[in-house]
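So the structure is just underneath, and the comments pick up after that.
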Amino acid sequence: MSVEALLFDLGGVVIDIDFGRAVASWAAAAGVPVGAIRARFSFDEAYQRHERGEIAADVYFAALRSSLRIDVPDAVLVRGWNAIYVDEVPGIREILRAAAERLPLYAFTNSNPTHYAFCSARYADVLKSFRKVFVSSELGVRKPERAAFEAIGVAIGVPLERILFFDDPPVNVEGARTIGMPAVLVRSPADVAEALAAL
């Protein structure tokens with residue numbers, strides 16, 4: 001395998017995230033049992049449209065209020081929304097810095113403007129390893145859509161078959177492989193380290 005660039009997902013690979021923290025925050029603010037909010041929350045069509053940049057945050061939050069059946073202001077939803085970020089994945093910073101000495105590093109996150117504004121500020125130091133972070137809401141497409149990977153290949157000037165992609169949801173990894181992009185399913189930083197050592 002001839003690799004010219006590395007492409008990393010952020011949430012779950014570089015940054016540890018937990019959507020349960022958002023659920024708990026919204027439940028507490030609304031005075032509703034956590035289990036009820038957990039049952040009502042989903043990565044629905046509005047969520048995906050928000051991640052493609054097709055609808056603004058206030059429109060998404062209105063849809064979220066409706067699906068969760070709670071009446072709280074946008075600021076409360078944002079607080080819970082940003083609570084999903086736990087910390088950078090232990091050990092990943094060192095792996096990325098070592099990798100960046102060998103190959104150009106890029107990141108691709110399915111994210112929305114609210115999340116990415118918070119994430120990019122809080123984790124600015126670890127994100128320095130990447131030459132560019134591609135955000136789905138800016139691209140207008142999201143993983144695992146073929147057009148998303150193709151847009152990144154064009155942007156960085158590297159054929160998809162020479163971009164090694166790292167992500168934790170199997171659906172994204174399979175989506176990349178289907179179009180000829182080599183991809184690694186990440187369950188821990190060791191998976192990243194082993195794949196890089198094998199290059």
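Chain labels follow the order of the structure tokens: the first chain is A, the next B, and so on; residue numbering restarts at 1 in every chain, and ligands are counted from 1 in their shown order.
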
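Residues surrounding segment 46-52 of chain A within 7 Å are Ala56, Tyr60, Ala63, Asn110, Ser111, Asn112, Ser136, Ser137, Gly140, Val141 and Arg142 of chain A [only C-alpha atoms; sequence separation below 4 positions excluded].
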
Every residue of segment 118-164 of chain A that DSSP places in strand (DSSP E), as a list of chain:residue names: A:Lys132, A:Val133, A:Phe134, A:Val135, A:Ile163, A:Leu164

Spatial neighbours of segment 82-84 of chain A, max dist 7 Å, only C-alpha atoms, sep filter under 2 positions, as number ranges by chain: A: 17-19, 21-22, 78-80, 86, 115, 118

Residue selection dump (all heavy atoms) as a CSV table (one decimal), in the first residue's frame:
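What follows is the written file selection_24.csv:
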```csv
chain,number,residue,atom,x,y,z
A,17,ILE,N,-15.6,11.2,23.1
A,17,ILE,CA,-16.9,11.9,23.2
A,17,ILE,C,-17.9,10.9,23.9
A,17,ILE,O,-17.7,9.7,23.8
A,17,ILE,CB,-17.4,12.4,21.9
A,17,ILE,CG1,-17.6,11.2,20.9
A,17,ILE,CG2,-16.5,13.5,21.3
A,17,ILE,CD1,-18.2,11.6,19.6
A,18,ASP,N,-18.9,11.5,24.5
A,18,ASP,CA,-19.9,10.7,25.2
A,18,ASP,C,-21.3,11.4,25.1
A,18,ASP,O,-21.5,12.4,25.8
A,18,ASP,CB,-19.5,10.5,26.6
A,18,ASP,CG,-20.6,9.7,27.4
A,18,ASP,OD1,-21.6,9.2,26.8
A,18,ASP,OD2,-20.4,9.5,28.6
A,19,PHE,N,-22.1,11.0,24.2
A,19,PHE,CA,-23.4,11.6,24.0
A,19,PHE,C,-24.3,11.5,25.2
A,19,PHE,O,-25.3,12.2,25.4
A,19,PHE,CB,-24.1,11.1,22.7
A,19,PHE,CG,-23.7,11.9,21.5
A,19,PHE,CD1,-22.7,11.4,20.7
A,19,PHE,CD2,-24.4,13.0,21.1
A,19,PHE,CE1,-22.3,12.1,19.6
A,19,PHE,CE2,-24.0,13.7,20.0
A,19,PHE,CZ,-22.9,13.3,19.2
A,21,ARG,N,-23.6,12.3,28.1
A,21,ARG,CA,-23.4,13.5,28.9
A,21,ARG,C,-24.4,14.6,28.4
A,21,ARG,O,-24.9,15.4,29.2
A,21,ARG,CB,-22.0,14.0,28.8
A,21,ARG,CG,-21.0,13.1,29.5
A,21,ARG,CD,-19.6,13.3,29.0
A,21,ARG,NE,-19.1,14.6,29.2
A,21,ARG,CZ,-18.1,15.0,30.1
A,21,ARG,NH1,-17.5,14.0,30.8
A,21,ARG,NH2,-17.6,16.2,30.1
A,22,ALA,N,-24.7,14.7,27.1
A,22,ALA,CA,-25.7,15.6,26.6
A,22,ALA,C,-27.0,15.2,27.1
A,22,ALA,O,-27.8,16.1,27.6
A,22,ALA,CB,-25.6,15.7,25.1
A,78,VAL,N,-27.3,24.0,24.0
A,78,VAL,CA,-25.9,24.2,23.6
A,78,VAL,C,-25.0,23.7,24.7
A,78,VAL,O,-24.0,23.0,24.4
A,78,VAL,CB,-25.5,25.7,23.2
A,78,VAL,CG1,-24.0,25.8,23.1
A,78,VAL,CG2,-26.2,26.1,22.0
A,79,ARG,N,-25.3,24.0,25.9
A,79,ARG,CA,-24.5,23.6,27.1
A,79,ARG,C,-24.4,22.0,27.1
A,79,ARG,O,-23.4,21.4,27.3
A,79,ARG,CB,-25.1,24.1,28.4
A,79,ARG,CG,-24.2,23.8,29.6
A,79,ARG,CD,-24.6,24.6,30.8
A,79,ARG,NE,-25.9,24.2,31.3
A,79,ARG,CZ,-27.0,25.1,31.3
A,79,ARG,NH1,-26.8,26.3,30.9
A,79,ARG,NH2,-28.1,24.7,31.8
A,80,GLY,N,-25.6,21.4,26.9
A,80,GLY,CA,-25.6,19.9,26.9
A,80,GLY,C,-24.9,19.4,25.7
A,80,GLY,O,-24.2,18.4,25.7
A,86,VAL,N,-15.2,14.9,26.2
A,86,VAL,CA,-14.7,14.4,27.5
A,86,VAL,C,-13.2,14.9,27.6
A,86,VAL,O,-12.9,15.6,28.5
A,86,VAL,CB,-14.7,12.9,27.6
A,86,VAL,CG1,-14.2,12.4,28.9
A,86,VAL,CG2,-16.2,12.4,27.4
A,115,HIS,N,-20.8,22.6,17.5
A,115,HIS,CA,-19.8,21.7,18.1
A,115,HIS,C,-18.4,22.0,17.7
A,115,HIS,O,-17.5,22.0,18.5
A,115,HIS,CB,-20.2,20.3,17.6
A,115,HIS,CG,-21.0,19.5,18.5
A,115,HIS,ND1,-21.6,18.3,18.2
A,115,HIS,CD2,-21.3,19.7,19.8
A,115,HIS,CE1,-22.2,17.8,19.2
A,115,HIS,NE2,-22.1,18.6,20.2
A,118,PHE,N,-16.7,24.9,19.5
A,118,PHE,CA,-16.3,24.6,20.8
A,118,PHE,C,-15.1,23.7,20.8
A,118,PHE,O,-14.1,23.9,21.5
A,118,PHE,CB,-17.4,23.9,21.5
A,118,PHE,CG,-17.1,23.4,22.9
A,118,PHE,CD1,-17.3,24.3,24.0
A,118,PHE,CD2,-16.7,22.1,23.2
A,118,PHE,CE1,-17.0,23.9,25.3
A,118,PHE,CE2,-16.4,21.7,24.5
A,118,PHE,CZ,-16.5,22.6,25.5
```

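Residues in contact range of Asn172 of chain A, defined as at most 12 Å between only C-alpha atoms, with sequence neighbours fewer than 6 positions away removed, read Phe8, Asp9, Phe108, Thr109, Asn110, Arg142, Lys143, Pro144, Glu145, Arg146, Ala148, Phe149, Phe165, Phe166, Thr178, Ile179, Met181, Pro182, Ala183, Val184, Leu185 and Val186 of chain A.
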
Test item: residues at most 12 Å from segment 37-41 of chain A, only C-alpha atoms, excluding those fewer than 3 positions along its chain, as number ranges by chain: A: 19-34, 44-47, 63-70, 81

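The protein and nucleic acid residues lying at most 10 Å from Ile156 of chain A are Ala5, Pro104, Tyr106, Arg131, Lys132, Ala151, Ile152 and Ile163 of chain A, with only C-alpha atoms considered and sequence neighbours fewer than 4 positions away removed.
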
Requested write-out: N, CA and C atoms of the selected residues, as a CSV table (one decimal), in the first residue's frame:
```
chain,number,residue,atom,x,y,z
A,5,ALA,N,-1.0,10.3,2.3
A,5,ALA,CA,-1.6,11.2,3.3
A,5,ALA,C,-2.5,10.4,4.3
A,104,PRO,N,1.7,13.9,5.6
A,104,PRO,CA,0.8,15.0,5.9
A,104,PRO,C,-0.5,14.4,6.6
A,106,TYR,N,-4.5,15.0,7.9
A,106,TYR,CA,-5.7,15.8,7.8
A,106,TYR,C,-6.8,15.1,8.7
A,131,ARG,N,-2.9,19.4,9.0
A,131,ARG,CA,-2.7,20.5,8.0
A,131,ARG,C,-4.1,21.2,7.8
A,132,LYS,N,-5.1,20.4,7.8
A,132,LYS,CA,-6.5,21.0,7.7
A,132,LYS,C,-7.5,20.1,8.3
A,151,ALA,N,-14.5,14.8,-2.2
A,151,ALA,CA,-14.2,16.2,-2.0
A,151,ALA,C,-12.9,16.4,-1.3
A,152,ILE,N,-12.6,15.6,-0.3
A,152,ILE,CA,-11.3,15.7,0.4
A,152,ILE,C,-10.2,15.3,-0.4
A,163,ILE,N,-4.9,7.5,0.4
A,163,ILE,CA,-5.2,8.2,1.7
A,163,ILE,C,-5.6,7.1,2.7
```

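Across the model, the gap from atom CA of Ala57 of chain A to atom CA of Ala75 of chain A is 11.1 Å.
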
Residue list (helix (DSSP H, G or I), DSSP) for segment 66-159 of chain A, as an MDAnalysis selection string: chainID A and resid 66:68 74:82 92:100 113:122 124:127 136:139 146:156

Selection file, C-alpha atoms, as a PDB file, in the first residue's frame:
```pdb
ATOM      1  CA  SER A  66     -39.721  18.783  19.580  1.00  0.00           C
ATOM      2  CA  SER A  67     -38.197  15.290  19.427  1.00  0.00           C
ATOM      3  CA  LEU A  68     -37.074  15.377  23.073  1.00  0.00           C
ATOM      4  CA  ASP A  74     -31.161  27.213  22.959  1.00  0.00           C
ATOM      5  CA  ALA A  75     -28.424  28.113  25.464  1.00  0.00           C
ATOM      6  CA  VAL A  76     -29.360  25.107  27.600  1.00  0.00           C
ATOM      7  CA  LEU A  77     -29.306  22.820  24.575  1.00  0.00           C
ATOM      8  CA  VAL A  78     -25.890  24.182  23.581  1.00  0.00           C
ATOM      9  CA  ARG A  79     -24.508  23.556  27.067  1.00  0.00           C
ATOM     10  CA  GLY A  80     -25.585  19.943  26.915  1.00  0.00           C
ATOM     11  CA  TRP A  81     -24.531  19.650  23.288  1.00  0.00           C
ATOM     12  CA  ASN A  82     -20.961  20.676  24.106  1.00  0.00           C
ATOM     13  CA  ILE A  92      -3.044  10.029  20.586  1.00  0.00           C
ATOM     14  CA  ARG A  93      -1.171  13.341  20.695  1.00  0.00           C
ATOM     15  CA  GLU A  94       2.204  11.593  20.624  1.00  0.00           C
ATOM     16  CA  ILE A  95       1.073   9.235  17.848  1.00  0.00           C
ATOM     17  CA  LEU A  96      -0.093  12.132  15.696  1.00  0.00           C
ATOM     18  CA  ARG A  97       3.065  14.155  16.205  1.00  0.00           C
ATOM     19  CA  ALA A  98       5.251  11.206  15.225  1.00  0.00           C
ATOM     20  CA  ALA A  99       3.071  10.474  12.193  1.00  0.00           C
ATOM     21  CA  ALA A 100       3.190  14.108  11.069  1.00  0.00           C
ATOM     22  CA  PRO A 113     -20.842  24.795  13.581  1.00  0.00           C
ATOM     23  CA  THR A 114     -21.783  24.818  17.292  1.00  0.00           C
ATOM     24  CA  HIS A 115     -19.840  21.669  18.060  1.00  0.00           C
ATOM     25  CA  TYR A 116     -16.841  22.499  15.940  1.00  0.00           C
ATOM     26  CA  ALA A 117     -16.469  26.040  17.320  1.00  0.00           C
ATOM     27  CA  PHE A 118     -16.274  24.575  20.833  1.00  0.00           C
ATOM     28  CA  CYS A 119     -14.096  21.616  19.854  1.00  0.00           C
ATOM     29  CA  SER A 120     -11.581  23.592  17.798  1.00  0.00           C
ATOM     30  CA  ALA A 121     -11.009  26.039  20.651  1.00  0.00           C
ATOM     31  CA  ARG A 122     -10.807  23.472  23.450  1.00  0.00           C
ATOM     32  CA  ALA A 124      -6.535  23.588  19.555  1.00  0.00           C
ATOM     33  CA  ASP A 125      -3.211  22.152  20.672  1.00  0.00           C
ATOM     34  CA  VAL A 126      -3.774  18.565  19.576  1.00  0.00           C
ATOM     35  CA  LEU A 127      -5.424  19.761  16.342  1.00  0.00           C
ATOM     36  CA  SER A 136     -19.065  18.149   7.177  1.00  0.00           C
ATOM     37  CA  SER A 137     -21.175  21.257   7.746  1.00  0.00           C
ATOM     38  CA  GLU A 138     -18.661  23.261   5.696  1.00  0.00           C
ATOM     39  CA  LEU A 139     -18.302  20.625   2.961  1.00  0.00           C
ATOM     40  CA  ARG A 146     -18.892   8.979  -1.361  1.00  0.00           C
ATOM     41  CA  ALA A 147     -18.988  12.667  -2.276  1.00  0.00           C
ATOM     42  CA  ALA A 148     -17.491  13.557   1.109  1.00  0.00           C
ATOM     43  CA  PHE A 149     -14.375  11.448   0.623  1.00  0.00           C
ATOM     44  CA  GLU A 150     -14.051  12.533  -2.997  1.00  0.00           C
ATOM     45  CA  ALA A 151     -14.194  16.206  -2.003  1.00  0.00           C
ATOM     46  CA  ILE A 152     -11.335  15.719   0.446  1.00  0.00           C
ATOM     47  CA  GLY A 153      -9.242  13.827  -2.096  1.00  0.00           C
ATOM     48  CA  VAL A 154      -9.630  16.708  -4.539  1.00  0.00           C
ATOM     49  CA  ALA A 155      -8.904  19.318  -1.858  1.00  0.00           C
ATOM     50  CA  ILE A 156      -5.622  17.743  -0.768  1.00  0.00           C
TER      51      ILE A 156
END
```
